[in-house]
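Novice: What follows is the file final.cif, containing mmCIF, C-alpha atoms and all ligand atoms:
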```cif
data_target
loop_
_atom_site.label_atom_id
_atom_site.label_comp_id
_atom_site.auth_asym_id
_atom_site.auth_seq_id
_atom_site.Cartn_x
_atom_site.Cartn_y
_atom_site.Cartn_z
CA MET A 1 -22.26 135.15 90.32
CA ASP A 2 -24.08 137.93 88.46
CA ASN A 3 -24.34 136.80 84.85
CA GLU A 4 -25.00 140.27 83.50
CA LYS A 5 -21.69 141.72 84.65
CA LEU A 6 -18.17 140.51 84.61
CA ASP A 7 -16.75 141.15 88.08
CA VAL A 8 -13.44 140.21 89.71
CA ASN A 9 -14.57 136.74 90.77
CA THR A 10 -16.11 135.93 87.41
CA THR A 11 -12.96 137.10 85.63
CA ILE A 12 -10.84 134.82 87.78
CA ALA A 13 -13.27 131.94 87.12
CA ILE A 14 -12.90 132.62 83.39
CA LEU A 15 -9.12 132.44 83.65
CA GLU A 16 -9.33 129.14 85.51
CA ARG A 17 -11.55 127.91 82.70
CA ILE A 18 -9.14 129.16 80.00
CA LYS A 19 -6.32 127.34 81.73
CA ASP A 20 -8.35 124.11 81.91
CA ILE A 21 -9.51 124.27 78.29
CA ILE A 22 -6.04 125.10 76.97
CA GLU A 23 -4.57 122.30 79.05
CA ALA A 24 -7.17 119.84 77.75
CA ASN A 25 -6.42 120.96 74.17
CA LYS A 26 -2.65 121.22 74.53
CA ASP A 27 -1.94 118.22 72.30
CA TYR A 28 -4.59 119.23 69.80
CA LEU A 29 -3.13 122.74 69.40
CA THR A 30 0.37 121.35 69.11
CA GLU A 31 -0.81 118.85 66.50
CA LEU A 32 -2.36 121.68 64.46
CA ASP A 33 0.91 123.61 64.79
CA SER A 34 2.95 120.58 63.73
CA ALA A 35 1.11 120.55 60.38
CA ILE A 36 1.93 124.16 59.47
CA GLY A 37 4.35 125.41 62.11
CA ASP A 38 6.91 124.32 64.66
CA ALA A 39 4.67 122.12 66.84
CA ASP A 40 4.78 124.29 69.94
CA HIS A 41 1.52 126.25 70.08
CA GLY A 42 -0.19 123.99 72.63
CA ILE A 43 2.92 123.79 74.77
CA ASN A 44 3.39 127.57 74.53
CA MET A 45 -0.20 128.41 75.40
CA ASN A 46 -0.35 125.90 78.22
CA ARG A 47 2.83 127.28 79.77
CA GLY A 48 1.56 130.85 79.39
CA PHE A 49 -1.86 130.37 80.93
CA SER A 50 -0.55 128.11 83.72
CA LYS A 51 1.83 130.90 84.73
CA ALA A 52 -0.87 133.54 84.31
CA ILE A 53 -3.36 131.76 86.56
CA GLU A 54 -0.66 131.11 89.14
CA LYS A 55 0.04 134.83 89.31
CA VAL A 56 -3.64 135.71 89.49
CA ARG A 57 -4.34 133.14 92.23
CA ASN A 58 -1.60 134.68 94.35
CA ASN A 59 -2.93 138.20 94.08
CA GLN A 60 -5.83 140.23 95.38
CA TYR A 61 -7.78 142.36 92.94
CA PHE A 62 -10.07 145.34 93.26
CA ASP A 63 -10.65 145.94 89.55
CA ILE A 64 -10.75 143.67 86.51
CA GLY A 65 -8.25 145.73 84.54
CA SER A 66 -5.48 144.67 86.93
CA ILE A 67 -6.30 141.00 86.34
CA PHE A 68 -6.09 141.43 82.58
CA LYS A 69 -2.81 143.30 83.04
CA ASP A 70 -1.23 140.52 85.10
CA VAL A 71 -2.34 138.00 82.48
CA ALA A 72 -0.78 140.15 79.76
CA MET A 73 2.55 140.39 81.57
CA SER A 74 2.64 136.63 82.22
CA LEU A 75 1.84 135.75 78.62
CA MET A 76 4.45 138.11 77.21
CA SER A 77 7.21 136.65 79.32
CA THR A 78 6.29 132.96 79.33
CA VAL A 79 4.54 131.89 76.09
CA GLY A 80 7.72 132.00 74.02
CA GLY A 81 6.20 132.02 70.51
CA ALA A 82 4.41 134.64 68.44
CA ALA A 83 1.26 134.03 70.47
CA GLY A 84 3.03 135.52 73.54
CA PRO A 85 3.43 139.11 72.41
CA LEU A 86 0.16 138.89 70.43
CA TYR A 87 -2.14 137.62 73.21
CA GLY A 88 -0.06 139.65 75.68
CA THR A 89 -0.87 142.78 73.71
CA PHE A 90 -4.53 141.75 73.47
CA PHE A 91 -4.86 141.47 77.25
CA MET A 92 -2.72 144.56 77.87
CA ARG A 93 -4.75 146.81 75.59
CA ALA A 94 -7.99 145.41 76.98
CA SER A 95 -6.70 146.00 80.52
CA MET A 96 -6.28 149.70 79.80
CA LYS A 97 -9.97 149.95 78.91
CA LEU A 98 -10.93 147.95 82.02
CA ALA A 99 -8.61 149.74 84.46
CA GLY A 100 -10.43 150.93 87.55
CA HIS A 101 -13.62 149.01 86.71
CA LYS A 102 -14.92 146.61 89.35
CA GLU A 103 -17.16 145.06 86.72
CA ALA A 104 -17.87 145.17 83.00
CA ASP A 105 -21.12 144.85 81.09
CA LEU A 106 -21.27 143.59 77.51
CA THR A 107 -20.67 147.07 76.07
CA LEU A 108 -17.51 147.64 78.08
CA LEU A 109 -16.24 144.13 77.40
CA ALA A 110 -16.80 144.60 73.66
CA GLN A 111 -14.88 147.90 73.80
CA ALA A 112 -12.03 146.27 75.72
CA PHE A 113 -11.84 143.37 73.25
CA ARG A 114 -11.89 145.80 70.31
CA GLU A 115 -8.93 147.67 71.83
CA GLY A 116 -7.17 144.34 72.33
CA LEU A 117 -7.78 143.28 68.75
CA ASN A 118 -6.55 146.63 67.44
CA GLY A 119 -3.35 146.06 69.40
CA VAL A 120 -2.90 142.57 67.92
CA ILE A 121 -3.34 143.95 64.40
CA ALA A 122 -1.02 146.90 65.02
CA LEU A 123 1.69 144.56 66.29
CA GLY A 124 1.39 141.61 63.89
CA LYS A 125 0.09 143.47 60.82
CA ALA A 126 -2.18 140.56 59.91
CA GLN A 127 -5.01 141.23 57.47
CA PRO A 128 -8.26 139.26 57.46
CA GLY A 129 -7.65 136.06 55.46
CA ASP A 130 -3.94 135.83 56.34
CA LYS A 131 -4.71 132.63 58.27
CA THR A 132 -4.02 133.86 61.80
CA MET A 133 -5.79 134.29 65.14
CA VAL A 134 -7.17 137.54 63.73
CA ASP A 135 -9.48 135.51 61.45
CA ALA A 136 -11.29 134.15 64.51
CA LEU A 137 -11.07 137.35 66.57
CA ILE A 138 -12.45 139.84 64.02
CA PRO A 139 -15.83 138.15 63.38
CA ALA A 140 -16.16 137.31 67.08
CA ILE A 141 -15.59 140.87 68.26
CA ASP A 142 -17.79 142.28 65.50
CA ALA A 143 -20.54 140.00 66.79
CA LEU A 144 -19.88 141.04 70.38
CA GLU A 145 -20.28 144.71 69.44
CA THR A 146 -23.46 144.08 67.48
CA ALA A 147 -24.91 142.12 70.40
CA ALA A 148 -24.01 144.96 72.76
CA LYS A 149 -25.80 147.48 70.53
CA GLU A 150 -28.84 145.23 70.40
CA GLY A 151 -28.90 145.11 74.20
CA SER A 152 -28.12 141.38 74.50
CA SER A 153 -27.15 139.89 77.82
CA LEU A 154 -23.46 139.24 78.47
CA LYS A 155 -23.96 135.51 78.05
CA ASP A 156 -25.92 135.82 74.81
CA GLY A 157 -23.35 138.25 73.43
CA LEU A 158 -20.57 135.81 74.21
CA ALA A 159 -22.57 132.95 72.67
CA LYS A 160 -22.85 134.90 69.42
CA ALA A 161 -19.17 135.83 69.50
CA LEU A 162 -18.24 132.21 70.11
CA ALA A 163 -20.30 131.01 67.14
CA MET A 164 -18.56 133.53 64.88
CA ALA A 165 -15.13 132.64 66.25
CA GLU A 166 -15.81 129.00 65.47
CA LYS A 167 -16.80 129.88 61.92
CA GLY A 168 -13.73 132.13 61.51
CA MET A 169 -11.53 129.34 62.86
CA LYS A 170 -12.93 126.76 60.43
CA ASP A 171 -12.73 129.24 57.57
CA THR A 172 -8.94 129.36 58.04
CA ILE A 173 -8.68 125.76 56.73
CA PRO A 174 -8.53 126.51 52.97
CA LEU A 175 -6.47 129.69 53.40
CA VAL A 176 -2.82 130.11 52.42
CA ALA A 177 -0.90 131.64 55.35
CA LYS A 178 0.50 135.13 54.83
CA LYS A 179 1.79 135.78 58.35
CA GLY A 180 3.71 133.82 60.95
CA ARG A 181 5.69 130.64 60.58
CA ALA A 182 3.04 128.94 58.40
CA SER A 183 3.66 131.56 55.71
CA TYR A 184 7.01 129.91 54.99
CA LEU A 185 5.05 126.90 53.72
CA GLY A 186 3.25 128.94 51.06
CA GLU A 187 0.54 126.93 49.27
CA ARG A 188 1.27 123.90 51.44
CA SER A 189 -0.31 125.72 54.39
CA ALA A 190 -3.76 125.37 52.75
CA GLY A 191 -5.96 122.53 54.03
CA HIS A 192 -5.01 122.97 57.70
CA GLN A 193 -6.74 124.87 60.48
CA ASP A 194 -4.70 127.71 61.99
CA PRO A 195 -3.51 126.94 65.54
CA GLY A 196 -3.80 130.56 66.71
CA ALA A 197 -7.35 130.93 65.38
CA THR A 198 -8.13 127.72 67.27
CA SER A 199 -6.69 128.98 70.57
CA SER A 200 -8.64 132.24 70.14
CA TYR A 201 -11.82 130.21 69.75
CA LEU A 202 -10.95 128.18 72.86
CA ILE A 203 -10.32 131.34 74.91
CA LEU A 204 -13.72 132.72 73.93
CA LYS A 205 -15.27 129.36 74.70
CA ALA A 206 -13.87 129.63 78.22
CA PHE A 207 -15.41 133.09 78.64
CA TYR A 208 -18.78 131.71 77.57
CA GLU A 209 -18.65 128.53 79.62
CA ALA A 210 -17.49 130.24 82.78
CA LEU A 211 -20.48 132.59 82.56
CA GLU A 212 -22.85 129.74 81.93
CA ASN A 213 -22.07 128.23 85.32
CA MET B 1 28.59 153.93 72.62
CA ILE B 2 26.19 152.26 70.21
CA GLY B 3 24.56 148.94 71.05
CA ILE B 4 23.64 146.09 68.74
CA LEU B 5 21.14 143.63 70.14
CA VAL B 6 20.82 140.26 68.43
CA VAL B 7 17.50 138.53 69.21
CA CYS B 8 17.22 134.86 68.24
CA HIS B 9 14.93 131.91 68.98
CA SER B 10 17.94 130.21 70.57
CA ALA B 11 19.95 131.87 73.35
CA LYS B 12 23.03 130.04 72.11
CA ALA B 13 22.55 131.33 68.57
CA ALA B 14 22.03 134.90 69.81
CA LYS B 15 25.12 134.83 72.02
CA GLY B 16 27.21 133.10 69.36
CA ILE B 17 26.23 135.56 66.66
CA ALA B 18 26.89 138.47 69.03
CA GLU B 19 30.32 136.99 69.71
CA ILE B 20 31.14 136.68 66.00
CA ALA B 21 29.97 140.24 65.31
CA SER B 22 31.86 141.62 68.35
CA GLN B 23 35.16 140.66 66.75
CA MET B 24 34.52 143.33 64.12
CA ALA B 25 33.12 145.87 66.53
CA GLY B 26 36.00 147.61 68.26
CA GLU B 27 35.55 149.53 71.47
CA LYS B 28 32.76 151.92 70.58
CA VAL B 29 30.25 149.18 69.95
CA LYS B 30 28.64 146.74 72.32
CA VAL B 31 27.09 143.66 70.75
CA VAL B 32 24.79 141.58 72.95
CA GLY B 33 22.61 138.55 72.25
CA VAL B 34 19.36 137.48 73.88
CA GLY B 35 17.01 134.63 73.03
CA GLY B 36 15.16 131.49 74.00
CA ASN B 37 11.95 131.20 75.97
CA GLU B 38 11.89 131.60 79.75
CA GLU B 39 12.64 127.90 80.21
CA GLY B 40 15.70 128.14 78.00
CA GLY B 41 13.98 126.35 75.11
CA ILE B 42 13.49 127.64 71.59
CA GLY B 43 11.46 130.84 71.46
CA THR B 44 11.59 134.44 72.63
CA SER B 45 10.52 136.33 75.74
CA THR B 46 9.38 139.93 75.82
CA ALA B 47 10.48 140.18 79.45
CA ASP B 48 14.02 138.99 78.70
CA ILE B 49 14.36 141.31 75.72
CA TYR B 50 13.06 144.22 77.77
CA ALA B 51 15.55 143.49 80.56
CA VAL B 52 18.53 143.41 78.19
CA LEU B 53 17.35 146.52 76.34
CA SER B 54 16.98 148.51 79.56
CA GLU B 55 20.44 147.49 80.66
CA LEU B 56 21.98 148.40 77.30
CA LEU B 57 20.24 151.76 77.37
CA ASN B 58 22.26 152.61 80.49
CA GLU B 59 25.50 152.53 78.51
CA CYS B 60 24.47 153.18 74.92
CA GLU B 61 23.10 156.35 73.34
CA SER B 62 21.42 154.25 70.66
CA ILE B 63 20.62 150.62 69.90
CA VAL B 64 20.05 148.70 66.69
CA VAL B 65 18.10 145.47 67.23
CA ILE B 66 18.56 142.59 64.79
CA PRO B 67 15.86 139.93 65.33
CA ASP B 68 15.85 136.60 63.48
CA LEU B 69 12.16 136.24 62.59
CA GLY B 70 8.55 135.80 63.72
CA SER B 71 8.19 136.14 67.46
CA ALA B 72 11.69 137.64 67.76
CA VAL B 73 10.31 140.65 65.89
CA LEU B 74 6.97 140.68 67.72
CA SER B 75 8.52 140.21 71.18
CA THR B 76 11.00 143.01 70.49
CA LYS B 77 8.22 145.35 69.40
CA ALA B 78 6.19 144.42 72.46
CA ALA B 79 9.24 145.07 74.67
CA LEU B 80 9.65 148.55 73.18
CA GLU B 81 6.16 149.39 74.45
CA PHE B 82 7.50 149.20 78.02
CA LEU B 83 10.21 151.81 77.40
CA THR B 84 9.70 155.53 77.91
CA ASP B 85 9.27 157.59 74.73
CA GLU B 86 12.75 158.96 75.20
CA GLN B 87 14.25 155.47 75.50
CA LYS B 88 12.14 154.23 72.60
CA SER B 89 13.50 156.96 70.34
CA LYS B 90 16.97 155.52 70.86
CA VAL B 91 16.08 152.07 69.54
CA ILE B 92 15.62 150.96 65.95
CA ILE B 93 14.84 147.49 64.51
CA ALA B 94 16.63 146.27 61.39
CA ASP B 95 15.02 143.91 58.86
CA ALA B 96 18.21 142.00 58.16
CA PRO B 97 19.64 138.49 57.94
CA VAL B 98 20.70 137.98 61.50
CA LEU B 99 24.37 136.92 61.25
CA GLU B 100 25.45 138.96 58.24
CA GLY B 101 23.32 141.87 59.41
CA ALA B 102 24.85 141.86 62.90
CA MET B 103 28.37 141.73 61.46
CA MET B 104 27.83 144.54 59.01
CA ALA B 105 26.06 146.60 61.66
CA ALA B 106 29.02 146.12 64.00
CA VAL B 107 31.49 147.31 61.36
CA GLU B 108 29.35 150.32 60.43
CA ALA B 109 28.71 151.26 64.06
CA SER B 110 32.43 151.13 64.83
CA THR B 111 32.96 153.98 62.34
CA GLY B 112 30.70 156.15 64.49
CA SER B 113 27.68 156.17 62.17
CA PRO B 114 24.25 157.04 63.58
CA LYS B 115 21.79 154.20 64.23
CA GLU B 116 19.74 154.93 61.08
CA LYS B 117 22.83 154.39 58.91
CA VAL B 118 23.80 151.27 60.88
CA MET B 119 20.32 149.86 60.33
CA GLN B 120 20.46 150.62 56.62
CA VAL B 121 23.82 148.88 56.24
CA ALA B 122 22.58 145.88 58.23
CA GLU B 123 19.57 145.65 55.93
CA SER B 124 21.81 145.74 52.87
CA ALA B 125 23.27 142.43 54.07
CA HIS B 126 20.37 140.87 52.12
CA LEU B 127 22.46 141.49 49.03
CA LEU B 128 25.67 139.97 50.33
CA LYS B 129 27.19 137.22 48.17
CA LYS B 130 29.48 134.77 49.89
CA LEU B 131 30.40 132.31 47.14
CA VAL B 132 31.94 134.80 44.70
CA ASN B 133 35.68 135.66 44.58
N1 LIG A 301 1.86 138.40 62.59
C1 LIG A 301 0.86 137.72 63.15
N2 LIG A 301 -0.34 138.29 63.37
C2 LIG A 301 -1.36 137.60 63.95
N3 LIG A 301 -1.24 136.32 64.36
C3 LIG A 301 -0.07 135.71 64.15
C4 LIG A 301 1.05 136.35 63.55
N4 LIG A 301 2.08 135.48 63.52
C5 LIG A 301 1.63 134.33 64.08
N5 LIG A 301 0.35 134.46 64.45
C6 LIG A 301 -0.51 133.47 65.12
O1 LIG A 301 0.30 132.75 66.04
C7 LIG A 301 0.06 131.35 65.88
C8 LIG A 301 1.32 130.58 66.22
O2 LIG A 301 1.64 130.78 67.55
P1 LIG A 301 2.93 130.11 68.20
O3 LIG A 301 2.90 130.43 69.64
O4 LIG A 301 3.01 128.69 67.79
O5 LIG A 301 4.07 130.95 67.56
P2 LIG A 301 5.25 130.51 66.55
O6 LIG A 301 4.75 130.72 65.19
O7 LIG A 301 5.74 129.18 66.91
O8 LIG A 301 6.28 131.64 66.95
P3 LIG A 301 7.72 131.89 66.36
O9 LIG A 301 7.59 133.12 65.57
O10 LIG A 301 8.55 132.07 67.58
O11 LIG A 301 8.10 130.69 65.57
C9 LIG A 301 -0.37 131.19 64.44
O12 LIG A 301 -1.19 130.06 64.28
C10 LIG A 301 -1.11 132.49 64.14
O13 LIG A 301 -2.49 132.40 64.43
MG MG A 302 4.51 127.55 66.81
#
```
Take the structure in this file and express it as structure tokens.
Ligand SMILES: Nc1ncnc2c1ncn2[C@@H]1O[C@H](COP(=O)(O)OP(=O)(O)OP(=O)(O)O)[C@@H](O)[C@H]1O
Ligand SMILES: [Mg+2]

Specialist:
Amino acid sequence: MDNEKLDVNTTIAILERIKDIIEANKDYLTELDSAIGDADHGINMNRGFSKAIEKVRNNQYFDIGSIFKDVAMSLMSTVGGAAGPLYGTFFMRASMKLAGHKEADLTLLAQAFREGLNGVIALGKAQPGDKTMVDALIPAIDALETAAKEGSSLKDGLAKALAMAEKGMKDTIPLVAKKGRASYLGERSAGHQDPGATSSYLILKAFYEALEN
Amino acid sequence: MIGILVVCHSAKAAKGIAEIASQMAGEKVKVVGVGGNEEGGIGTSTADIYAVLSELLNECESIVVIPDLGSAVLSTKAALEFLTDEQKSKVIIADAPVLEGAMMAAVEASTGSPKEKVMQVAESAHLLKKLVN
């Protein structure tokens, strides 16, 4: 596996890793969602990524954009909660940037993630600090872009992005939710970590860990 | 024909609300409900919403969608992205209480109003009082 480029095999390995990590954290995500939501985020994400990996395993790919697209379609139809259309849009927008590419370097990956994030924001209208997945994704993708400009390796870029996602995730704890189901709790949503920011961190963690191996 | 699509977290709720609103709709309006996740549990599915929208677009010149909240709104918007621009221009989403909004939309649509007016009337259902007179 070439660690400097994300090719078809690496992308599939990453998805396997996402599925494993989400599965291992299913109860944790659901527990976070039970504090400020409807206690389904872990179940939703686990269902979505299990279906996504099933689809990907049964297909043959010649470019990485098509993998991202299949993931997007699976998530949109199977997740069931807000995370479905949001992560679905993330992977769909990213897939457009990656279409026709057999591999991606850090620069292309950062561009694809930026497109994905823009799609999430356009759909969900979340601002930074609204206590959503966007609070983990924005600092992570900013870091990914900076690393790309500095000429970092793919793995180092993802390590930096992961560190920032973790910080963004933890920084959601004191926030009062302004978007999603948690916003119905008002002030009572403060003091809890956002489930979606946590799943975003876990997804990035899978990208990093899969490249490490 | 104008279509009203009720999108709820529960398929039963969506179909039930569509049924209630249909009573007021007459023949020029088709009210349909869709909801639930792909396993039939509580949630919404972009794929299901897209399928129902495409089908409705075969018989209706315009559609007003009335989602309950959260992912019902997001999944509907995501589903619209799969329509052609021409199809998309025929669909409008109302920010309305789902039952009262669907009922008022059905009544307004049955008078032959365009979708923009139907949406506006559905949204005015926010102001409806049910414990007076
Ligand atoms: N408008 C939004 N923009 C960005 N992220 C959002 C938005 N709404 C919700 N989220 C994210 O989605 C996470 C919840 O995902 P989940 O799959 O549990 O959806 P849900 O809230 O149960 O959906 P539903 O709207 O069907 O109740 C939140 O923790 C938050 O990070
Ligand atoms: Mg939830």

Novice: Name the residues, by chain letter and number, that sit within 7 Å of ligand MG 302 (chain A) using all atoms listed in the file, and give them as a compact mmCIF listing (two decimals) with C-alpha atoms, keeping the file's coordinate frame.

Specialist:
```txt
# COMPACT_ATOMS: atom_id res chain seq x y z
CA ASP A 33 0.91 123.61 64.79
CA GLY A 37 4.35 125.41 62.11
CA ASP A 38 6.91 124.32 64.66
CA ALA A 39 4.67 122.12 66.84
CA ASP A 40 4.78 124.29 69.94
CA HIS A 41 1.52 126.25 70.08
CA GLY A 81 6.20 132.02 70.51
```

Novice: Have a look at CA of Asn46 (chain A) and CA of Lys102 (chain A) and let me know their distance in Å, one decimal.

Specialist: 27.7 Å

Novice: Quick one: which chain B residues come within 8 Å of chain A, and what is the nearest atom pair for each with the distance in Å to one decimal, counting only C-alpha atoms, rows ordered by chain and ascending number, as CSV?

Specialist:
```
residue,atom,partner,partner_atom,distance
B:Gly36,CA,A:Gly80,CA,7.5
B:Asn37,CA,A:Gly80,CA,4.7
B:Glu38,CA,A:Thr78,CA,5.8
B:Ile42,CA,A:Gly80,CA,7.6
B:Gly43,CA,A:Gly80,CA,4.7
B:Thr44,CA,A:Gly80,CA,4.8
B:Ser45,CA,A:Ser77,CA,4.9
B:Thr46,CA,A:Ser77,CA,5.3
B:Ala47,CA,A:Ser77,CA,4.8
B:Asp48,CA,A:Ser77,CA,7.2
B:Gly70,CA,A:Gly180,CA,5.9
B:Ser71,CA,A:Ala82,CA,4.2
B:Ala72,CA,A:Ala82,CA,7.9
B:Leu74,CA,A:Pro85,CA,6.1
B:Ser75,CA,A:Pro85,CA,5.4
B:Lys77,CA,A:Leu123,CA,7.3
B:Ala78,CA,A:Pro85,CA,6.0
```

Novice: Would you list the contacts of region 168-177 of chain A as an MDAnalysis selection string, taking every protein, DNA or RNA residue within 6 Å and counting all atoms listed in the file, but skipping same-chain residues closer than 2 positions in sequence?

Specialist: chainID A and resid 130:131 135:136 165:166 179 182:183 187 189:193 197:198

Novice: Name all residues at most 6 Å from region 108-125 of chain B (count only C-alpha atoms; drop same-chain ones fewer than 3 positions away) and give them as a tab-separated table (two decimals) with C-alpha atoms, in the frame of the given file.

Specialist:
```
chain	number	residue	atom	x	y	z
B	25	ALA	CA	33.12	145.87	66.53
B	28	LYS	CA	32.76	151.92	70.58
B	29	VAL	CA	30.25	149.18	69.95
B	94	ALA	CA	16.63	146.27	61.39
B	95	ASP	CA	15.02	143.91	58.86
B	96	ALA	CA	18.21	142.00	58.16
B	100	GLU	CA	25.45	138.96	58.24
B	101	GLY	CA	23.32	141.87	59.41
B	104	MET	CA	27.83	144.54	59.01
B	105	ALA	CA	26.06	146.60	61.66
B	128	LEU	CA	25.67	139.97	50.33
```

Novice: Just to confirm, what's the straight-line distance from CA of Glu16 (chain A) to CA of Asp142 (chain A) in Å (one decimal)?

Specialist: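 CA of Glu16 (chain A) sits 25.4 Å away from CA of Asp142 (chain A).
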
Novice: My list of candidates is B:Gly26, B:Gly16, B:Gly35, B:Gly3. Which is closest to ligand LIG 301 (chain A) when distances are computed with all atoms listed in the file?

Specialist: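 Closest candidate: B:Gly35.
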
Novice: Have a look at B:Cys8, B:Leu57, B:Ile93, B:Leu131 and name the one nearest to ligand LIG 301 (chain A); count all atoms listed in the file.

Specialist: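 Once distances to ligand LIG 301 (chain A) are computed over all atoms listed in the file, the minimum belongs to B:Cys8.
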